[in-house]
Every structure is written in structure tokens, then in C-alpha cells.
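Visitor: Data file upload-v8.pdb (PDB, C-alpha atoms and all ligand atoms) is appended below.
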ATOM      1  CA  MET A   1       0.000   0.000   0.000  1.00  0.00           C
ATOM      2  CA  ASP A   2       2.854   2.390   0.824  1.00  0.00           C
ATOM      3  CA  ARG A   3       4.082   2.147  -2.758  1.00  0.00           C
ATOM      4  CA  LEU A   4       0.668   3.225  -4.026  1.00  0.00           C
ATOM      5  CA  ILE A   5       0.552   6.204  -1.653  1.00  0.00           C
ATOM      6  CA  GLN A   6       4.009   7.193  -2.865  1.00  0.00           C
ATOM      7  CA  GLY A   7       2.710   6.878  -6.401  1.00  0.00           C
ATOM      8  CA  TYR A   8      -0.186   9.167  -5.595  1.00  0.00           C
ATOM      9  CA  LYS A   9       2.203  11.739  -4.117  1.00  0.00           C
ATOM     10  CA  HIS A  10       4.190  11.602  -7.344  1.00  0.00           C
ATOM     11  CA  PHE A  11       0.976  12.046  -9.346  1.00  0.00           C
ATOM     12  CA  LEU A  12      -0.060  15.117  -7.346  1.00  0.00           C
ATOM     13  CA  ALA A  13       3.377  16.703  -7.417  1.00  0.00           C
ATOM     14  CA  ASP A  14       4.591  15.882 -10.941  1.00  0.00           C
ATOM     15  CA  VAL A  15       1.953  14.329 -13.190  1.00  0.00           C
ATOM     16  CA  PHE A  16      -1.186  16.286 -12.416  1.00  0.00           C
ATOM     17  CA  PRO A  17       0.388  19.726 -12.909  1.00  0.00           C
ATOM     18  CA  GLN A  18       1.516  18.712 -16.415  1.00  0.00           C
ATOM     19  CA  LYS A  19      -1.970  17.539 -17.311  1.00  0.00           C
ATOM     20  CA  ARG A  20      -3.899  20.242 -15.462  1.00  0.00           C
ATOM     21  CA  SER A  21      -5.311  21.834 -18.614  1.00  0.00           C
ATOM     22  CA  GLN A  22      -6.341  18.418 -19.953  1.00  0.00           C
ATOM     23  CA  PHE A  23      -8.182  17.566 -16.742  1.00  0.00           C
ATOM     24  CA  ARG A  24      -9.815  21.003 -16.788  1.00  0.00           C
ATOM     25  CA  LEU A  25     -11.256  20.260 -20.229  1.00  0.00           C
ATOM     26  CA  LEU A  26     -12.483  16.885 -19.005  1.00  0.00           C
ATOM     27  CA  ALA A  27     -13.786  17.995 -15.614  1.00  0.00           C
ATOM     28  CA  ASP A  28     -17.448  18.060 -16.573  1.00  0.00           C
ATOM     29  CA  SER A  29     -17.695  15.949 -19.708  1.00  0.00           C
ATOM     30  CA  GLN A  30     -16.088  13.058 -21.551  1.00  0.00           C
ATOM     31  CA  ALA A  31     -16.149  11.930 -25.158  1.00  0.00           C
ATOM     32  CA  PRO A  32     -14.098   8.723 -25.398  1.00  0.00           C
ATOM     33  CA  GLN A  33     -13.988   7.148 -28.836  1.00  0.00           C
ATOM     34  CA  CYS A  34     -13.414   3.650 -27.576  1.00  0.00           C
ATOM     35  CA  LEU A  35     -15.034   1.178 -25.215  1.00  0.00           C
ATOM     36  CA  PHE A  36     -12.402  -1.270 -23.944  1.00  0.00           C
ATOM     37  CA  ILE A  37     -13.564  -4.510 -22.315  1.00  0.00           C
ATOM     38  CA  THR A  38     -10.902  -6.646 -20.716  1.00  0.00           C
ATOM     39  CA  CYS A  39     -10.058  -8.955 -17.835  1.00  0.00           C
ATOM     40  CA  ALA A  40      -9.555  -7.747 -14.266  1.00  0.00           C
ATOM     41  CA  ASP A  41      -6.031  -9.209 -14.435  1.00  0.00           C
ATOM     42  CA  SER A  42      -3.441  -6.817 -12.988  1.00  0.00           C
ATOM     43  CA  ARG A  43      -0.993  -7.501 -15.812  1.00  0.00           C
ATOM     44  CA  VAL A  44      -3.236  -6.032 -18.481  1.00  0.00           C
ATOM     45  CA  VAL A  45      -2.799  -2.241 -18.399  1.00  0.00           C
ATOM     46  CA  PRO A  46      -4.808  -0.789 -21.311  1.00  0.00           C
ATOM     47  CA  ASP A  47      -3.691   2.844 -20.969  1.00  0.00           C
ATOM     48  CA  LEU A  48      -0.046   1.791 -20.797  1.00  0.00           C
ATOM     49  CA  ILE A  49      -0.269  -0.644 -23.711  1.00  0.00           C
ATOM     50  CA  LEU A  50      -2.103   1.790 -25.979  1.00  0.00           C
ATOM     51  CA  GLY A  51      -0.468   5.035 -24.891  1.00  0.00           C
ATOM     52  CA  ALA A  52      -3.876   6.313 -23.876  1.00  0.00           C
ATOM     53  CA  GLY A  53      -4.568   9.134 -21.489  1.00  0.00           C
ATOM     54  CA  PRO A  54      -7.437  10.715 -19.577  1.00  0.00           C
ATOM     55  CA  GLY A  55     -10.648  10.712 -21.578  1.00  0.00           C
ATOM     56  CA  ASP A  56      -9.476   8.173 -24.180  1.00  0.00           C
ATOM     57  CA  LEU A  57     -10.794   4.794 -23.056  1.00  0.00           C
ATOM     58  CA  PHE A  58     -14.110   3.883 -21.457  1.00  0.00           C
ATOM     59  CA  ILE A  59     -13.163   0.672 -19.683  1.00  0.00           C
ATOM     60  CA  ALA A  60     -15.163  -2.289 -18.415  1.00  0.00           C
ATOM     61  CA  ARG A  61     -13.242  -5.001 -16.587  1.00  0.00           C
ATOM     62  CA  ASN A  62     -14.208  -8.322 -15.101  1.00  0.00           C
ATOM     63  CA  VAL A  63     -12.787 -11.770 -14.575  1.00  0.00           C
ATOM     64  CA  GLY A  64     -12.522 -13.400 -18.001  1.00  0.00           C
ATOM     65  CA  ASN A  65     -13.495 -10.303 -20.063  1.00  0.00           C
ATOM     66  CA  VAL A  66     -17.025 -11.638 -20.129  1.00  0.00           C
ATOM     67  CA  VAL A  67     -20.047 -10.111 -21.843  1.00  0.00           C
ATOM     68  CA  PRO A  68     -23.163 -11.923 -20.597  1.00  0.00           C
ATOM     69  CA  PRO A  69     -25.539 -13.088 -23.342  1.00  0.00           C
ATOM     70  CA  ALA A  70     -28.051 -10.518 -24.551  1.00  0.00           C
ATOM     71  CA  VAL A  71     -30.925 -12.817 -23.577  1.00  0.00           C
ATOM     72  CA  SER A  72     -29.907 -12.671 -19.911  1.00  0.00           C
ATOM     73  CA  ALA A  73     -32.508 -10.699 -17.974  1.00  0.00           C
ATOM     74  CA  ASP A  74     -30.114 -10.040 -15.095  1.00  0.00           C
ATOM     75  CA  ALA A  75     -28.733  -6.531 -14.777  1.00  0.00           C
ATOM     76  CA  ASP A  76     -24.949  -6.580 -14.588  1.00  0.00           C
ATOM     77  CA  GLY A  77     -22.117  -4.102 -14.650  1.00  0.00           C
ATOM     78  CA  VAL A  78     -20.780  -5.102 -18.026  1.00  0.00           C
ATOM     79  CA  THR A  79     -23.893  -4.805 -20.142  1.00  0.00           C
ATOM     80  CA  ALA A  80     -24.909  -1.601 -18.343  1.00  0.00           C
ATOM     81  CA  THR A  81     -21.480  -0.161 -19.164  1.00  0.00           C
ATOM     82  CA  ILE A  82     -21.789  -1.236 -22.797  1.00  0.00           C
ATOM     83  CA  GLU A  83     -25.253   0.303 -23.090  1.00  0.00           C
ATOM     84  CA  TYR A  84     -24.049   3.615 -21.663  1.00  0.00           C
ATOM     85  CA  ALA A  85     -20.940   3.683 -23.861  1.00  0.00           C
ATOM     86  CA  VAL A  86     -22.914   3.066 -27.042  1.00  0.00           C
ATOM     87  CA  GLU A  87     -26.163   4.918 -26.378  1.00  0.00           C
ATOM     88  CA  VAL A  88     -24.857   7.955 -24.499  1.00  0.00           C
ATOM     89  CA  LEU A  89     -21.154   8.321 -25.263  1.00  0.00           C
ATOM     90  CA  LYS A  90     -21.561   7.127 -28.866  1.00  0.00           C
ATOM     91  CA  VAL A  91     -18.200   5.337 -28.909  1.00  0.00           C
ATOM     92  CA  LYS A  92     -17.074   4.435 -32.417  1.00  0.00           C
ATOM     93  CA  HIS A  93     -15.057   1.369 -31.470  1.00  0.00           C
ATOM     94  CA  ALA A  94     -15.488  -1.436 -28.949  1.00  0.00           C
ATOM     95  CA  ILE A  95     -12.422  -3.556 -28.244  1.00  0.00           C
ATOM     96  CA  LEU A  96     -12.807  -6.827 -26.381  1.00  0.00           C
ATOM     97  CA  CYS A  97      -9.370  -7.933 -25.221  1.00  0.00           C
ATOM     98  CA  GLY A  98      -8.406 -11.281 -23.729  1.00  0.00           C
ATOM     99  CA  HIS A  99      -4.901 -12.090 -22.535  1.00  0.00           C
ATOM    100  CA  SER A 100      -2.403 -14.906 -22.152  1.00  0.00           C
ATOM    101  CA  ASP A 101      -2.327 -16.932 -18.905  1.00  0.00           C
ATOM    102  CA  CYS A 102      -5.911 -15.903 -18.079  1.00  0.00           C
ATOM    103  CA  GLY A 103      -7.036 -17.465 -14.783  1.00  0.00           C
ATOM    104  CA  ALA A 104     -10.666 -17.504 -15.898  1.00  0.00           C
ATOM    105  CA  LEU A 105      -9.926 -19.926 -18.736  1.00  0.00           C
ATOM    106  CA  LYS A 106      -7.538 -21.930 -16.573  1.00  0.00           C
ATOM    107  CA  ALA A 107     -10.507 -22.444 -14.256  1.00  0.00           C
ATOM    108  CA  ALA A 108     -12.650 -23.499 -17.217  1.00  0.00           C
ATOM    109  CA  LEU A 109     -10.089 -26.235 -17.889  1.00  0.00           C
ATOM    110  CA  ASP A 110      -9.999 -27.204 -14.199  1.00  0.00           C
ATOM    111  CA  PRO A 111     -13.471 -26.602 -12.663  1.00  0.00           C
ATOM    112  CA  GLN A 112     -12.324 -28.111  -9.344  1.00  0.00           C
ATOM    113  CA  ALA A 113     -10.369 -24.901  -8.795  1.00  0.00           C
ATOM    114  CA  LEU A 114     -13.644 -23.027  -8.341  1.00  0.00           C
ATOM    115  CA  GLN A 115     -15.121 -25.283  -5.648  1.00  0.00           C
ATOM    116  CA  ALA A 116     -14.686 -22.682  -2.911  1.00  0.00           C
ATOM    117  CA  LEU A 117     -15.595 -19.720  -5.132  1.00  0.00           C
ATOM    118  CA  PRO A 118     -19.367 -19.866  -5.744  1.00  0.00           C
ATOM    119  CA  LYS A 119     -19.628 -16.381  -7.231  1.00  0.00           C
ATOM    120  CA  ALA A 120     -16.751 -16.893  -9.644  1.00  0.00           C
ATOM    121  CA  LYS A 121     -18.077 -20.338 -10.524  1.00  0.00           C
ATOM    122  CA  ARG A 122     -21.448 -18.860 -11.498  1.00  0.00           C
ATOM    123  CA  TRP A 123     -19.899 -15.955 -13.410  1.00  0.00           C
ATOM    124  CA  LEU A 124     -17.507 -18.165 -15.320  1.00  0.00           C
ATOM    125  CA  ARG A 125     -20.322 -20.237 -16.783  1.00  0.00           C
ATOM    126  CA  HIS A 126     -20.252 -17.441 -19.347  1.00  0.00           C
ATOM    127  CA  VAL A 127     -16.822 -18.534 -20.616  1.00  0.00           C
ATOM    128  CA  GLU A 128     -17.960 -22.085 -21.401  1.00  0.00           C
ATOM    129  CA  ALA A 129     -18.878 -20.891 -24.914  1.00  0.00           C
ATOM    130  CA  ALA A 130     -15.120 -20.519 -25.486  1.00  0.00           C
ATOM    131  CA  PHE A 131     -14.907 -24.277 -26.034  1.00  0.00           C
ATOM    132  CA  PHE A 132     -17.026 -23.931 -29.185  1.00  0.00           C
ATOM    133  CA  HIS A 133     -14.686 -21.297 -30.635  1.00  0.00           C
ATOM    134  CA  ARG A 134     -11.277 -22.771 -29.747  1.00  0.00           C
ATOM    135  CA  GLN A 135      -8.565 -21.582 -32.098  1.00  0.00           C
ATOM    136  CA  PRO A 136      -5.839 -23.745 -33.670  1.00  0.00           C
ATOM    137  CA  LEU A 137      -2.871 -24.435 -31.398  1.00  0.00           C
ATOM    138  CA  ASP A 138      -0.044 -21.960 -31.986  1.00  0.00           C
ATOM    139  CA  PRO A 139       3.467 -23.408 -31.454  1.00  0.00           C
ATOM    140  CA  ALA A 140       4.592 -19.913 -30.393  1.00  0.00           C
ATOM    141  CA  ASP A 141       2.544 -20.368 -27.225  1.00  0.00           C
ATOM    142  CA  GLY A 142       4.693 -23.325 -26.154  1.00  0.00           C
ATOM    143  CA  ALA A 143       3.363 -25.338 -23.228  1.00  0.00           C
ATOM    144  CA  ALA A 144       0.468 -22.909 -22.847  1.00  0.00           C
ATOM    145  CA  ALA A 145      -0.839 -23.548 -26.371  1.00  0.00           C
ATOM    146  CA  GLU A 146      -4.014 -25.342 -25.267  1.00  0.00           C
ATOM    147  CA  LEU A 147      -4.892 -22.610 -22.789  1.00  0.00           C
ATOM    148  CA  ALA A 148      -4.094 -19.869 -25.307  1.00  0.00           C
ATOM    149  CA  SER A 149      -6.330 -21.465 -27.943  1.00  0.00           C
ATOM    150  CA  LEU A 150      -9.180 -21.465 -25.431  1.00  0.00           C
ATOM    151  CA  ILE A 151      -8.494 -17.850 -24.398  1.00  0.00           C
ATOM    152  CA  ARG A 152      -8.663 -16.817 -28.055  1.00  0.00           C
ATOM    153  CA  GLY A 153     -11.877 -18.818 -28.362  1.00  0.00           C
ATOM    154  CA  ASN A 154     -13.266 -16.894 -25.420  1.00  0.00           C
ATOM    155  CA  VAL A 155     -12.541 -13.614 -27.206  1.00  0.00           C
ATOM    156  CA  VAL A 156     -14.580 -14.868 -30.169  1.00  0.00           C
ATOM    157  CA  ALA A 157     -17.418 -16.036 -27.897  1.00  0.00           C
ATOM    158  CA  GLN A 158     -17.568 -12.793 -25.920  1.00  0.00           C
ATOM    159  CA  CYS A 159     -17.393 -10.692 -29.096  1.00  0.00           C
ATOM    160  CA  ALA A 160     -20.466 -12.574 -30.333  1.00  0.00           C
ATOM    161  CA  ASN A 161     -22.253 -11.726 -27.080  1.00  0.00           C
ATOM    162  CA  LEU A 162     -21.118  -8.125 -27.401  1.00  0.00           C
ATOM    163  CA  LYS A 163     -22.418  -7.813 -30.950  1.00  0.00           C
ATOM    164  CA  ALA A 164     -25.740  -9.289 -29.843  1.00  0.00           C
ATOM    165  CA  GLN A 165     -26.344  -6.594 -27.216  1.00  0.00           C
ATOM    166  CA  PRO A 166     -29.289  -4.561 -28.616  1.00  0.00           C
ATOM    167  CA  SER A 167     -27.534  -1.185 -28.464  1.00  0.00           C
ATOM    168  CA  VAL A 168     -24.420  -2.638 -30.115  1.00  0.00           C
ATOM    169  CA  ALA A 169     -26.363  -4.456 -32.838  1.00  0.00           C
ATOM    170  CA  TRP A 170     -28.211  -1.268 -33.773  1.00  0.00           C
ATOM    171  CA  ALA A 171     -25.047   0.831 -33.803  1.00  0.00           C
ATOM    172  CA  ILE A 172     -23.221  -1.711 -35.992  1.00  0.00           C
ATOM    173  CA  ASN A 173     -26.194  -1.856 -38.337  1.00  0.00           C
ATOM    174  CA  ASP A 174     -26.165   1.935 -38.642  1.00  0.00           C
ATOM    175  CA  GLY A 175     -22.425   1.936 -39.374  1.00  0.00           C
ATOM    176  CA  LEU A 176     -21.666   3.827 -36.177  1.00  0.00           C
ATOM    177  CA  LEU A 177     -19.690   1.191 -34.283  1.00  0.00           C
ATOM    178  CA  THR A 178     -16.985  -1.379 -35.030  1.00  0.00           C
ATOM    179  CA  VAL A 179     -16.252  -4.292 -32.701  1.00  0.00           C
ATOM    180  CA  HIS A 180     -12.688  -5.628 -32.424  1.00  0.00           C
ATOM    181  CA  GLY A 181     -11.553  -8.872 -30.777  1.00  0.00           C
ATOM    182  CA  TRP A 182      -7.999  -8.810 -29.447  1.00  0.00           C
ATOM    183  CA  TYR A 183      -5.631 -11.222 -27.748  1.00  0.00           C
ATOM    184  CA  TYR A 184      -2.796  -9.689 -25.698  1.00  0.00           C
ATOM    185  CA  ASP A 185       0.325 -11.711 -24.912  1.00  0.00           C
ATOM    186  CA  ILE A 186       1.801 -10.656 -21.574  1.00  0.00           C
ATOM    187  CA  LEU A 187       5.267 -12.107 -22.207  1.00  0.00           C
ATOM    188  CA  SER A 188       5.913 -10.432 -25.566  1.00  0.00           C
ATOM    189  CA  GLY A 189       3.518  -7.475 -25.505  1.00  0.00           C
ATOM    190  CA  ARG A 190       2.166  -8.661 -28.844  1.00  0.00           C
ATOM    191  CA  ILE A 191      -1.472  -8.015 -29.732  1.00  0.00           C
ATOM    192  CA  GLU A 192      -3.412 -10.181 -32.172  1.00  0.00           C
ATOM    193  CA  ARG A 193      -6.752  -9.247 -33.710  1.00  0.00           C
ATOM    194  CA  TYR A 194      -9.531 -11.586 -34.724  1.00  0.00           C
ATOM    195  CA  ASP A 195     -10.401 -11.523 -38.416  1.00  0.00           C
ATOM    196  CA  ASP A 196     -14.113 -12.190 -38.968  1.00  0.00           C
ATOM    197  CA  LYS A 197     -13.491 -13.285 -42.561  1.00  0.00           C
ATOM    198  CA  THR A 198     -10.746 -15.849 -41.957  1.00  0.00           C
ATOM    199  CA  ARG A 199     -12.060 -16.648 -38.453  1.00  0.00           C
ATOM    200  CA  ARG A 200      -8.497 -16.624 -37.241  1.00  0.00           C
ATOM    201  CA  PHE A 201      -6.265 -14.358 -35.173  1.00  0.00           C
ATOM    202  CA  ALA A 202      -3.428 -12.438 -36.826  1.00  0.00           C
ATOM    203  CA  PRO A 203      -0.911  -9.852 -35.548  1.00  0.00           C
ATOM    204  CA  LEU A 204      -2.465  -6.426 -35.074  1.00  0.00           C
ATOM    205  CA  LEU A 205       0.632  -4.882 -36.635  1.00  0.00           C
ATOM    206  CA  GLU A 206       2.052  -6.137 -39.907  1.00  0.00           C
ATOM    207  CA  GLY A 207       5.271  -8.116 -39.587  1.00  0.00           C
ATOM    208  CA  GLN A 208       4.966  -8.779 -35.843  1.00  0.00           C
TER     209      GLN A 208
HETATM  210 ZN    ZN A 301      -7.793 -12.932 -17.224  1.00  0.00          ZN
END
Let me see the structure of the file written as C-alpha cells.

Guide:
Amino acid sequence: MDRLIQGYKHFLADVFPQKRSQFRLLADSQAPQCLFITCADSRVVPDLILGAGPGDLFIARNVGNVVPPAVSADADGVTATIEYAVEVLKVKHAILCGHSDCGALKAALDPQALQALPKAKRWLRHVEAAFFHRQPLDPADGAAAELASLIRGNVVAQCANLKAQPSVAWAINDGLLTVHGWYYDILSGRIERYDDKTRRFAPLLEGQ
């Protein structure tokens, strides 16, 4: 905790003054262009990875970067966040980003691990659809290839749920919103994007 307090002191003394005018512009409104949905995992740092700053990303995080199915009648934080981002903020892009070594998909491969975690067990039923969208094993993933193929499959499954949200479906239909499925590799920093046409993942940047 001390390290975080020190970090806050640094923010107040050095960072905030440099960005004061930016925060002043943002103090009573925001207009992010991008909704970013990712896992709660501490190793995924969207602003750092994308060089984003205040006002850039509207972020929804949860274990397993889940988007519950549109047919679910339950209110939840993710779909409420999506609805607000699309209907009110009018974001132009929605990125759903999974990541290597994701504990949520490890649990899907080893359900016993969730015995003592009833809430997580219930939530992670939403990642079971990943099994239907498993991606080919990639030798570059080494011993984690099976897990990585399932994590990529989960990105595909959750993107389908995202696109089926009523607000998202309407915005896509009107040409106002594009949905992107990404896989982020913690070890290399590499990002892959899902290609709807080939139904495969490929490097986000050419030649990576
Ligand atoms: Zn994760």
C-alpha cells in the first residue's frame, strides 16, 4: 500500500500539474472514442499498452473479459457499461481484449479450482462458450498452447455476445460502431486481432 501512496504523491506533485489543462477540459464531460472490455487481471494495463490518457478509453473489466448473453434478464455491470458507452457516449469502437495466462480460462479447464468460489463459478459459466470457438494451437505459445487457444476462443465467444447486445447491434447496423476482438500476450507485448473473414487471429501490426 505504501508504494501506491508514494505513487499518488508523485501524481499530485509531478503528473497532475503537467496535465492540469487536460483535466480542466475533461472535468465536466467526456467523449471517449473507444469502449475497452478486458479482464480484471493486474498484468493487463490498457492505458499503458495503448499510450492512452485521460478521456481516451471507457473501460469495463471483469474476470474473463465476459459479456453476458443478450438474452440474460439479469442486470450486470458489463452490459450496463456497454449500453451507456454506445447509447450515451456514442463510442465508435469497442475492443474486447483477452490475454495470455488468463485465470478464468484456466478455471474453465480445471473446474475443481472453483469449488470454494461460488460467485466466480457462477460468473464463469459465461466462458464455457469458449470451447465452441477454440482456435488452432499456436506453437509460439509453447506449453500454454491449449490454454491460449481457449483464451482466443473466449474472445470470439464474448465478441459474439457483445455484438448481440441490442444497443451494439443497432449501432453496428447503422455503421456507427466497429467491434474488435484482441488477444494480448503478456510475455511479448504482442497483440493479435480476430479476423471475422478468416475466423483466425493475426498480428495487429504487420510483420509482428
Ligand atoms: Zn484474465

Visitor: Can you list what the PyMOL selection byres (((not hetatm)) within 6 of (chain A and resi 301)) grabs from this structure, as a list in words?

Guide: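 Given this file, the PyMOL selection byres (((not hetatm)) within 6 of (chain A and resi 301)) evaluates to Cys39, Asp41, Val63, Gly64, Cys102, Gly103 and Ala104 of chain A.
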
Visitor: Between atom CA of Trp182 of chain A and atom CA of Pro46 of chain A, measure the distance and give it in Å to one decimal.

Guide: 11.9 Å

Visitor: How would you write, as an MDAnalysis selection string, the residues chosen by the PyMOL selection byres (((chain A and resi 128) around 10) and not hetatm) on this structure?

Guide: chainID A and resid 105 108:109 124:127 129:133 150 153:154 157

Visitor: Counting all atoms listed in the file, which of A:Phe23, A:Phe58, A:Trp123, A:Tyr184 gets nearest to Val155 of chain A?

Guide: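 Answer, going by the shortest atom-to-atom distance: A:Tyr184.
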
Visitor: Distance atom CA of Ile95 of chain A-atom CA of Gln30 of chain A, one decimal place?

Guide: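 Taking atom CA of Ile95 of chain A as the start and atom CA of Gln30 of chain A as the end point, the length is 18.3 Å.
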
Visitor: Please export segment 113-125 of chain A as a compact mmCIF listing (two decimals), in the first residue's frame, restricted to N, CA, C and O atoms.

Guide:
# COMPACT_ATOMS: atom_id res chain seq x y z
N ALA A 113 -11.02 -26.08 -9.39
CA ALA A 113 -10.37 -24.90 -8.80
C ALA A 113 -11.39 -23.89 -8.29
O ALA A 113 -11.05 -23.01 -7.48
N LEU A 114 -12.63 -24.01 -8.73
CA LEU A 114 -13.64 -23.03 -8.34
C LEU A 114 -14.57 -23.52 -7.23
O LEU A 114 -15.54 -22.86 -6.89
N GLN A 115 -14.24 -24.69 -6.66
CA GLN A 115 -15.12 -25.28 -5.65
C GLN A 115 -15.46 -24.32 -4.52
O GLN A 115 -16.60 -24.26 -4.07
N ALA A 116 -14.48 -23.57 -4.06
CA ALA A 116 -14.69 -22.68 -2.91
C ALA A 116 -15.05 -21.26 -3.33
O ALA A 116 -15.04 -20.34 -2.50
N LEU A 117 -15.33 -21.07 -4.62
CA LEU A 117 -15.59 -19.72 -5.13
C LEU A 117 -16.95 -19.69 -5.85
O LEU A 117 -17.01 -19.62 -7.08
N PRO A 118 -18.05 -19.73 -5.10
CA PRO A 118 -19.37 -19.87 -5.74
C PRO A 118 -19.72 -18.73 -6.69
O PRO A 118 -20.33 -18.95 -7.74
N LYS A 119 -19.31 -17.52 -6.35
CA LYS A 119 -19.63 -16.38 -7.23
C LYS A 119 -18.86 -16.49 -8.55
O LYS A 119 -19.42 -16.28 -9.63
N ALA A 120 -17.57 -16.77 -8.44
CA ALA A 120 -16.75 -16.89 -9.64
C ALA A 120 -17.23 -18.07 -10.49
O ALA A 120 -17.28 -17.98 -11.72
N LYS A 121 -17.61 -19.16 -9.81
CA LYS A 121 -18.08 -20.34 -10.52
C LYS A 121 -19.31 -19.99 -11.35
O LYS A 121 -19.41 -20.38 -12.54
N ARG A 122 -20.22 -19.23 -10.78
CA ARG A 122 -21.45 -18.86 -11.50
C ARG A 122 -21.13 -17.92 -12.66
O ARG A 122 -21.63 -18.07 -13.76
N TRP A 123 -20.26 -16.93 -12.38
CA TRP A 123 -19.90 -15.95 -13.41
C TRP A 123 -19.22 -16.63 -14.59
O TRP A 123 -19.47 -16.32 -15.75
N LEU A 124 -18.34 -17.57 -14.27
CA LEU A 124 -17.51 -18.16 -15.32
C LEU A 124 -18.24 -19.22 -16.15
O LEU A 124 -17.68 -19.75 -17.10
N ARG A 125 -19.52 -19.44 -15.84
CA ARG A 125 -20.32 -20.24 -16.78
C ARG A 125 -20.35 -19.53 -18.14
O ARG A 125 -20.49 -20.16 -19.17
